[in-house]
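The next block holds one structure in the form of C-alpha cells; read it before the comments.
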Amino acid sequence: MSEKANLLIFGATGTIGSYITAAIVAARPSFNRIAIFTSPNTFNSKAPALDALRQQGVDILVGDITSREEVLKAYEGIDTVVSALGRGAIAAQIPLIELANATPSITRFLPSEYGTDIEYGPASATEKPHQQKLKVRAALKQVRPDLEYAYVVTGPYADFPFYLGRSSNEQAGSFDALAKRAVLLGDGQGRVSLSGCADVGTFVVHTLTHWDAARNRALKLNSFTTTPAEILAEFEKQTGATWSVEYTSLDKLKELEAEAWEKGAPAATVFTLRRIWTEGGTLYERRDNEDIGVTHTATLGELVTDSIRAQIEGVPSKH
Ligand SMILES: NC(=O)c1ccc[n+]([C@@H]2O[C@H](COP(=O)([O-])OP(=O)(O)OC[C@H]3O[C@@H](n4cnc5c(N)ncnc54)[C@H](OP(=O)(O)O)[C@@H]3O)[C@@H](O)[C@H]2O)c1
C-alpha cells in the first residue's frame, strides 16, 4: 500500500487493543485516519480513555458490531481493519469480514489473533480454544483476492497479570512476587517464547507499515524465548530472595485440563493454552520480527521489573 492507511480498530480499548491502539497513535505520521469502533457500553464506561484518544486525533465511532448498517457506515473510507476483539467476540468477526469484503475500499483485515499459533501443527486443528479463530481464518480465505490479511501470532503475553504474573489458579503457573513463590510448568526447563504487551502493539504497527513482507502471512513474532527456570532466577535476582518453588508436570497439567473441560470450568481454556505452551507450541526455527523491521523488543529483565512493580505497587507495565 503506497498511500497512508485509513484504519478502523475494533476492540481498541480492550486488554491488548489498548496497547495496539497506543502504538498506532504513537506512529501517527505513518497513517492517515485512525478510527475506532466501540460499543455504547464501552463509550459510557471508558469515557476518560476515549477522550484521551479523541484528543490524539482518533475518531470514535459508536455502534454495535452485530449491526450491518452501523458497521457498513463505519467502514466508509476505511482501507484497513484491525480487530482486537476479545475471546467472546471472535466469531462475530466473520460477519465483519463479510461486510469488509462487500466494501471495495477495504483491502486489509487483521483479525484478533495475538496469541498461540492456531495452525502450529496437525494437533492444532482439534484444540478447543482454537476453533473460533480457525473459522475466522477460513472466512478470510473466502474473500475477494484484493482483500488481504495478516495474522499477528505473538504467543503468550509476558506482562503481569499474564505469564509473569501471580495466578489465582497457581497450578497453571505463577510468579508471585509478594509471597516469593513460583509454580513452574513442566520440569521448568522447557523453552517458551513470550511477548510483552507493548511489543504486540509494535508488531501490529510494523505489520501495517511493512505490508509487502506481511501480506497474507501468519507472522510468528515474540519478544524473547526463555524457560520457567530462567524466569524464576530473574525474579529471585531482582527481589534478592530465594523463592519457594513447586512444579506442575506436563502430565498433571493435562489432568487438570481434562477435569476443567469436563466440569465446564472457565479455566479450561487457560489449562489448554498453558499445556500447548509447555509442550513447545511457542517455538519456531526462526521468528519473523526482522521481516517486518522489528529489531528491538522488551527483555525478560525489563518485564520482570515491571511485573514486580505491578504486583507490589499496582503500576501497569511500561514495556
Ligand atoms: N497471548 C495471550 O496471552 C493472550 C491473552 C489474552 C487474550 N489474548 C488474545 O487477544 C485478543 C484480544 O483479547 P483481549 O483479552 O485483549 O480482549 P478483551 O479485553 O476481552 O476485549 C476486547 C474488546 O472486545 C470488544 N467486545 C465486544 N463484544 C465482546 C464480547 N462478547 N466479548 C469480549 N469482547 C467483546 C470490547 O470492545 P468494545 O466494547 O469497544 O466493542 C472489548 O473491550 C483475543 O484474540 C485473545 O484470544 C491473548
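Numbering starts fresh at 1 for the residues of each chain in the C-alpha cells, the chains themselves are lettered A, B, ... in the order given, and ligands are numbered from 1 as they appear.
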
All residues within 6 Å of ligand 1 are required, counting only C-alpha atoms and all ligand atoms; please report them as a list in words.
Gly11, Thr13, Gly14, Thr15, Ile16, Gly17, Thr38, Ser39, Thr42, Ala84, Leu85, Gly86, Arg87, Gly88, Ala89, Ser112, Glu113, Tyr114, Gly115, Gly155, Pro156 and Tyr157 of chain A

Could the residues in this selection be saved with C-alpha atoms as a short mmCIF file (atom, residue, chain, number, x, y, z; two decimals), in the first residue's frame?
```cif
data_model
loop_
_atom_site.label_atom_id
_atom_site.label_comp_id
_atom_site.auth_asym_id
_atom_site.auth_seq_id
_atom_site.Cartn_x
_atom_site.Cartn_y
_atom_site.Cartn_z
CA GLY A 11 -11.74 -3.74 20.48
CA THR A 13 -9.87 -0.19 24.47
CA GLY A 14 -9.59 -3.85 25.45
CA THR A 15 -6.66 -5.54 27.18
CA ILE A 16 -4.41 -5.87 24.13
CA GLY A 17 -6.40 -3.42 21.99
CA THR A 38 -16.69 0.83 20.13
CA SER A 39 -19.86 -0.35 21.86
CA THR A 42 -17.64 0.99 26.47
CA ALA A 84 -8.57 -6.78 18.81
CA LEU A 85 -11.96 -8.14 19.85
CA GLY A 86 -12.00 -10.33 22.92
CA ARG A 87 -12.43 -14.11 23.07
CA GLY A 88 -16.19 -13.76 23.43
CA ALA A 89 -16.41 -11.92 20.11
CA SER A 112 -7.93 -10.74 16.51
CA GLU A 113 -5.09 -13.25 16.97
CA TYR A 114 -2.27 -12.01 19.24
CA GLY A 115 -1.73 -15.38 20.87
CA GLY A 155 2.45 -16.40 21.82
CA PRO A 156 1.65 -15.72 25.48
CA TYR A 157 1.81 -12.20 26.88
#
```

Tell me, as a PDB file with all heavy atoms, in the first residue's frame, which residues lie within 8 Å of Arg215 (chain A), counting only C-alpha atoms; anything in the same chain fewer than 5 positions away does not count.
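Written output follows (result26.pdb):
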```
ATOM      1  N   GLU A 148      -6.670  -8.468   1.656  1.00  0.00           N
ATOM      2  CA  GLU A 148      -5.559  -9.252   2.204  1.00  0.00           C
ATOM      3  C   GLU A 148      -5.635  -9.292   3.730  1.00  0.00           C
ATOM      4  O   GLU A 148      -6.367  -8.520   4.339  1.00  0.00           O
ATOM      5  CB  GLU A 148      -4.238  -8.641   1.737  1.00  0.00           C
ATOM      6  CG  GLU A 148      -4.139  -8.678   0.213  1.00  0.00           C
ATOM      7  CD  GLU A 148      -2.903  -7.985  -0.355  1.00  0.00           C
ATOM      8  OE1 GLU A 148      -2.432  -6.998   0.250  1.00  0.00           O
ATOM      9  OE2 GLU A 148      -2.439  -8.420  -1.418  1.00  0.00           O
ATOM     10  N   TYR A 149      -4.833 -10.184   4.322  1.00  0.00           N
ATOM     11  CA  TYR A 149      -4.869 -10.348   5.781  1.00  0.00           C
ATOM     12  C   TYR A 149      -3.450 -10.520   6.308  1.00  0.00           C
ATOM     13  O   TYR A 149      -2.512 -10.766   5.526  1.00  0.00           O
ATOM     14  CB  TYR A 149      -5.698 -11.597   6.156  1.00  0.00           C
ATOM     15  CG  TYR A 149      -5.104 -12.880   5.629  1.00  0.00           C
ATOM     16  CD1 TYR A 149      -4.083 -13.521   6.310  1.00  0.00           C
ATOM     17  CD2 TYR A 149      -5.521 -13.425   4.406  1.00  0.00           C
ATOM     18  CE1 TYR A 149      -3.501 -14.679   5.802  1.00  0.00           C
ATOM     19  CE2 TYR A 149      -4.946 -14.575   3.891  1.00  0.00           C
ATOM     20  CZ  TYR A 149      -3.943 -15.204   4.598  1.00  0.00           C
ATOM     21  OH  TYR A 149      -3.345 -16.322   4.095  1.00  0.00           O
ATOM     22  N   ALA A 150      -3.289 -10.395   7.603  1.00  0.00           N
ATOM     23  CA  ALA A 150      -2.067 -10.864   8.277  1.00  0.00           C
ATOM     24  C   ALA A 150      -2.491 -11.319   9.656  1.00  0.00           C
ATOM     25  O   ALA A 150      -3.382 -10.722  10.265  1.00  0.00           O
ATOM     26  CB  ALA A 150      -1.029  -9.749   8.378  1.00  0.00           C
TER      27      ALA A 150
END
```

Out of A:Ala214, A:Ala125, A:Trp243, A:Gln238, which residue has the shortest atom-to-atom distance to Val183 (chain A) when counting only C-alpha atoms?
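Among the listed residues, A:Trp243 lies closest to Val183 (chain A).
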
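Between CA of Phe235 (chain A) and CA of Leu303 (chain A) the separation is 10.1 Å.
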
Length of the CA of Lys237 (chain A) to CA of Ser249 (chain A) vector [Å]
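Taking CA of Lys237 (chain A) and CA of Ser249 (chain A), their separation equals 24.6 Å.
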
Residue with smallest distance to Gly301 (chain A) - pool A:Leu8, A:Leu53, A:Leu232, A:Val245, counting only C-alpha atoms
A:Leu232

Can you list, as an MDAnalysis selection string, every protein, DNA or RNA residue that comes within 10 Å of Thr225 (chain A) when you count only C-alpha atoms, leaving out same-chain residues fewer than 3 positions away?
chainID A and resid 191:195 222 282:283 299:300

Suppose we keep all heavy atoms; can you now write the selection as a PDB file, in the first residue's frame?
```
ATOM      1  N   ARG A 191      11.534 -24.569  26.847  1.00  0.00           N
ATOM      2  CA  ARG A 191      11.598 -23.198  26.330  1.00  0.00           C
ATOM      3  C   ARG A 191      10.220 -22.696  25.934  1.00  0.00           C
ATOM      4  O   ARG A 191       9.373 -23.461  25.459  1.00  0.00           O
ATOM      5  CB  ARG A 191      12.575 -23.130  25.143  1.00  0.00           C
ATOM      6  CG  ARG A 191      14.020 -23.289  25.607  1.00  0.00           C
ATOM      7  CD  ARG A 191      14.956 -23.712  24.516  1.00  0.00           C
ATOM      8  NE  ARG A 191      15.109 -22.646  23.531  1.00  0.00           N
ATOM      9  CZ  ARG A 191      14.824 -22.779  22.240  1.00  0.00           C
ATOM     10  NH1 ARG A 191      14.342 -23.922  21.778  1.00  0.00           N
ATOM     11  NH2 ARG A 191      15.018 -21.776  21.430  1.00  0.00           N
ATOM     12  N   VAL A 192      10.007 -21.414  26.176  1.00  0.00           N
ATOM     13  CA  VAL A 192       8.733 -20.779  25.847  1.00  0.00           C
ATOM     14  C   VAL A 192       9.043 -19.370  25.330  1.00  0.00           C
ATOM     15  O   VAL A 192       9.939 -18.692  25.837  1.00  0.00           O
ATOM     16  CB  VAL A 192       7.790 -20.757  27.082  1.00  0.00           C
ATOM     17  CG1 VAL A 192       8.386 -20.000  28.266  1.00  0.00           C
ATOM     18  CG2 VAL A 192       6.421 -20.196  26.749  1.00  0.00           C
ATOM     19  N   SER A 193       8.325 -18.943  24.266  1.00  0.00           N
ATOM     20  CA  SER A 193       8.512 -17.595  23.716  1.00  0.00           C
ATOM     21  C   SER A 193       7.376 -16.706  24.195  1.00  0.00           C
ATOM     22  O   SER A 193       6.205 -17.085  24.078  1.00  0.00           O
ATOM     23  CB  SER A 193       8.503 -17.635  22.189  1.00  0.00           C
ATOM     24  OG  SER A 193       9.499 -18.506  21.715  1.00  0.00           O
ATOM     25  N   LEU A 194       7.724 -15.549  24.724  1.00  0.00           N
ATOM     26  CA  LEU A 194       6.728 -14.625  25.272  1.00  0.00           C
ATOM     27  C   LEU A 194       6.797 -13.287  24.537  1.00  0.00           C
ATOM     28  O   LEU A 194       7.848 -12.919  23.999  1.00  0.00           O
ATOM     29  CB  LEU A 194       7.002 -14.374  26.764  1.00  0.00           C
ATOM     30  CG  LEU A 194       7.127 -15.595  27.679  1.00  0.00           C
ATOM     31  CD1 LEU A 194       7.466 -15.143  29.108  1.00  0.00           C
ATOM     32  CD2 LEU A 194       5.857 -16.421  27.688  1.00  0.00           C
ATOM     33  N   SER A 195       5.689 -12.559  24.576  1.00  0.00           N
ATOM     34  CA  SER A 195       5.666 -11.205  24.010  1.00  0.00           C
ATOM     35  C   SER A 195       5.223 -10.201  25.057  1.00  0.00           C
ATOM     36  O   SER A 195       4.212 -10.432  25.738  1.00  0.00           O
ATOM     37  CB  SER A 195       4.681 -11.137  22.827  1.00  0.00           C
ATOM     38  OG  SER A 195       5.216 -11.793  21.707  1.00  0.00           O
ATOM     39  N   ASN A 222       7.694 -12.530  18.573  1.00  0.00           N
ATOM     40  CA  ASN A 222       7.745 -12.560  20.043  1.00  0.00           C
ATOM     41  C   ASN A 222       8.896 -11.710  20.544  1.00  0.00           C
ATOM     42  O   ASN A 222       9.755 -11.290  19.762  1.00  0.00           O
ATOM     43  CB  ASN A 222       7.803 -14.000  20.584  1.00  0.00           C
ATOM     44  CG  ASN A 222       8.911 -14.806  19.962  1.00  0.00           C
ATOM     45  OD1 ASN A 222      10.082 -14.519  20.175  1.00  0.00           O
ATOM     46  ND2 ASN A 222       8.549 -15.801  19.148  1.00  0.00           N
ATOM     47  N   THR A 282       5.200 -22.689  21.298  1.00  0.00           N
ATOM     48  CA  THR A 282       5.530 -21.282  21.006  1.00  0.00           C
ATOM     49  C   THR A 282       6.916 -21.172  20.358  1.00  0.00           C
ATOM     50  O   THR A 282       7.452 -20.078  20.232  1.00  0.00           O
ATOM     51  CB  THR A 282       5.556 -20.419  22.294  1.00  0.00           C
ATOM     52  OG1 THR A 282       6.638 -20.891  23.119  1.00  0.00           O
ATOM     53  CG2 THR A 282       4.250 -20.519  23.070  1.00  0.00           C
ATOM     54  N   LEU A 283       7.475 -22.344  19.984  1.00  0.00           N
ATOM     55  CA  LEU A 283       8.859 -22.347  19.486  1.00  0.00           C
ATOM     56  C   LEU A 283       8.890 -22.522  17.968  1.00  0.00           C
ATOM     57  O   LEU A 283       8.149 -23.344  17.427  1.00  0.00           O
ATOM     58  CB  LEU A 283       9.640 -23.488  20.149  1.00  0.00           C
ATOM     59  CG  LEU A 283       9.646 -23.455  21.682  1.00  0.00           C
ATOM     60  CD1 LEU A 283      10.317 -24.692  22.242  1.00  0.00           C
ATOM     61  CD2 LEU A 283      10.337 -22.187  22.198  1.00  0.00           C
ATOM     62  N   THR A 299      13.020  -6.970  27.143  1.00  0.00           N
ATOM     63  CA  THR A 299      13.784  -8.119  27.633  1.00  0.00           C
ATOM     64  C   THR A 299      13.061  -8.758  28.815  1.00  0.00           C
ATOM     65  O   THR A 299      12.193  -8.130  29.447  1.00  0.00           O
ATOM     66  CB  THR A 299      15.179  -7.679  28.113  1.00  0.00           C
ATOM     67  OG1 THR A 299      14.998  -6.792  29.243  1.00  0.00           O
ATOM     68  CG2 THR A 299      15.959  -6.968  27.018  1.00  0.00           C
ATOM     69  N   LEU A 300      13.474  -9.976  29.130  1.00  0.00           N
ATOM     70  CA  LEU A 300      12.916 -10.651  30.309  1.00  0.00           C
ATOM     71  C   LEU A 300      13.151  -9.797  31.553  1.00  0.00           C
ATOM     72  O   LEU A 300      12.238  -9.605  32.362  1.00  0.00           O
ATOM     73  CB  LEU A 300      13.573 -12.036  30.475  1.00  0.00           C
ATOM     74  CG  LEU A 300      13.223 -12.774  31.766  1.00  0.00           C
ATOM     75  CD1 LEU A 300      11.729 -13.073  31.847  1.00  0.00           C
ATOM     76  CD2 LEU A 300      14.021 -14.081  31.875  1.00  0.00           C
TER      77      LEU A 300
END
```

Which of region 49-276 of chain A fall in strand (DSSP E or B), as a PyMOL selection string:
chain A and resi 59-62+80-83+108-110+148-153+157+174-176+181-185+192-195+217-220+224-226+244-248

The selected residues should be written to file as a CSV table (one decimal), in the first residue's frame (atoms: N, CA and C atoms).
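As written to disk, part18.csv reads:
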```
chain,number,residue,atom,x,y,z
A,59,ASP,N,-10.8,9.2,15.7
A,59,ASP,CA,-12.2,9.3,15.6
A,59,ASP,C,-12.9,8.1,16.3
A,60,ILE,N,-13.9,8.5,17.2
A,60,ILE,CA,-14.5,7.5,18.0
A,60,ILE,C,-15.9,7.2,17.3
A,61,LEU,N,-16.1,6.0,16.8
A,61,LEU,CA,-17.4,5.6,16.2
A,61,LEU,C,-18.1,4.7,17.2
A,62,VAL,N,-19.3,5.0,17.5
A,62,VAL,CA,-20.0,4.1,18.5
A,62,VAL,C,-21.1,3.3,17.8
A,80,THR,N,-8.2,-0.3,6.0
A,80,THR,CA,-7.6,-1.3,6.8
A,80,THR,C,-8.4,-1.5,8.1
A,81,VAL,N,-8.7,-2.8,8.4
A,81,VAL,CA,-9.4,-3.1,9.6
A,81,VAL,C,-8.5,-3.8,10.5
A,82,VAL,N,-8.4,-3.4,11.8
A,82,VAL,CA,-7.6,-4.1,12.8
A,82,VAL,C,-8.5,-4.5,13.9
A,83,SER,N,-8.6,-5.8,14.1
A,83,SER,CA,-9.5,-6.3,15.2
A,83,SER,C,-8.7,-6.8,16.4
A,108,ARG,N,-7.4,-4.5,3.6
A,108,ARG,CA,-6.6,-5.3,4.6
A,108,ARG,C,-7.5,-5.6,5.8
A,109,PHE,N,-7.4,-6.8,6.4
A,109,PHE,CA,-8.1,-7.1,7.6
A,109,PHE,C,-7.2,-7.9,8.5
A,110,LEU,N,-6.9,-7.4,9.7
A,110,LEU,CA,-6.1,-8.1,10.7
A,110,LEU,C,-7.1,-8.6,11.7
A,148,GLU,N,-6.7,-8.5,1.7
A,148,GLU,CA,-5.6,-9.3,2.2
A,148,GLU,C,-5.6,-9.3,3.7
A,149,TYR,N,-4.8,-10.2,4.3
A,149,TYR,CA,-4.9,-10.3,5.8
A,149,TYR,C,-3.4,-10.5,6.3
A,150,ALA,N,-3.3,-10.4,7.6
A,150,ALA,CA,-2.1,-10.9,8.3
A,150,ALA,C,-2.5,-11.3,9.7
A,151,TYR,N,-1.9,-12.4,10.1
A,151,TYR,CA,-2.2,-12.9,11.5
A,151,TYR,C,-1.0,-12.6,12.4
A,152,VAL,N,-1.2,-11.8,13.4
A,152,VAL,CA,-0.1,-11.4,14.3
A,152,VAL,C,-0.1,-12.4,15.4
A,153,VAL,N,0.8,-13.4,15.3
A,153,VAL,CA,0.9,-14.5,16.2
A,153,VAL,C,2.0,-14.2,17.2
A,157,TYR,N,1.3,-13.5,26.4
A,157,TYR,CA,1.8,-12.2,26.9
A,157,TYR,C,2.7,-12.4,28.1
A,174,SER,N,2.7,-19.7,38.0
A,174,SER,CA,2.5,-18.5,38.8
A,174,SER,C,3.9,-18.0,39.2
A,175,PHE,N,4.0,-16.6,39.2
A,175,PHE,CA,5.2,-16.0,39.8
A,175,PHE,C,4.7,-14.9,40.7
A,176,ASP,N,4.7,-15.2,42.0
A,176,ASP,CA,4.1,-14.4,43.0
A,176,ASP,C,5.2,-13.6,43.7
A,181,ARG,N,6.9,-16.8,45.7
A,181,ARG,CA,6.6,-18.2,45.4
A,181,ARG,C,6.3,-18.4,44.0
A,182,ALA,N,6.8,-19.5,43.4
A,182,ALA,CA,6.5,-19.8,42.0
A,182,ALA,C,6.0,-21.2,41.8
A,183,VAL,N,5.1,-21.3,40.8
A,183,VAL,CA,4.8,-22.7,40.3
A,183,VAL,C,5.2,-22.7,38.9
A,184,LEU,N,6.2,-23.6,38.6
A,184,LEU,CA,6.8,-23.7,37.3
A,184,LEU,C,6.1,-24.8,36.5
A,185,LEU,N,5.9,-24.6,35.2
A,185,LEU,CA,5.2,-25.6,34.4
A,185,LEU,C,6.2,-26.6,33.8
A,192,VAL,N,10.0,-21.4,26.2
A,192,VAL,CA,8.7,-20.8,25.8
A,192,VAL,C,9.0,-19.4,25.3
A,193,SER,N,8.3,-18.9,24.3
A,193,SER,CA,8.5,-17.6,23.7
A,193,SER,C,7.4,-16.7,24.2
A,194,LEU,N,7.7,-15.5,24.7
A,194,LEU,CA,6.7,-14.6,25.3
A,194,LEU,C,6.8,-13.3,24.5
A,195,SER,N,5.7,-12.6,24.6
A,195,SER,CA,5.7,-11.2,24.0
A,195,SER,C,5.2,-10.2,25.1
A,217,ARG,N,0.2,-13.6,5.5
A,217,ARG,CA,1.1,-14.5,6.3
A,217,ARG,C,0.6,-14.5,7.7
A,218,ALA,N,0.9,-15.7,8.4
A,218,ALA,CA,0.8,-15.8,9.8
A,218,ALA,C,2.2,-15.4,10.3
A,219,LEU,N,2.4,-14.3,10.9
A,219,LEU,CA,3.7,-13.8,11.3
A,219,LEU,C,4.0,-14.3,12.7
A,220,LYS,N,5.1,-15.0,12.9
A,220,LYS,CA,5.5,-15.6,14.3
A,220,LYS,C,6.4,-14.6,14.9
A,224,PHE,N,11.0,-12.5,23.3
A,224,PHE,CA,12.2,-13.4,23.7
A,224,PHE,C,11.7,-14.8,24.0
A,225,THR,N,12.7,-15.7,24.0
A,225,THR,CA,12.5,-17.1,24.4
A,225,THR,C,13.2,-17.3,25.7
A,226,THR,N,12.6,-18.0,26.6
A,226,THR,CA,13.2,-18.3,27.9
A,226,THR,C,12.7,-19.6,28.4
A,244,SER,N,10.1,-20.0,47.2
A,244,SER,CA,9.7,-21.4,47.3
A,244,SER,C,9.1,-21.8,45.9
A,245,VAL,N,9.4,-23.0,45.5
A,245,VAL,CA,9.0,-23.4,44.2
A,245,VAL,C,8.3,-24.7,44.2
A,246,GLU,N,7.2,-24.8,43.4
A,246,GLU,CA,6.6,-26.1,43.1
A,246,GLU,C,6.5,-26.2,41.6
A,247,TYR,N,6.2,-27.4,41.1
A,247,TYR,CA,6.1,-27.7,39.7
A,247,TYR,C,4.7,-28.3,39.4
A,248,THR,N,4.2,-27.9,38.2
A,248,THR,CA,3.0,-28.7,37.7
A,248,THR,C,3.6,-29.4,36.4
```

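Of the residues listed (A:Thr116, A:Thr209, A:Ser307, A:Gln189), A:Thr116 shows the shortest atom-to-atom separation from Leu221 (chain A); distances use only C-alpha atoms.
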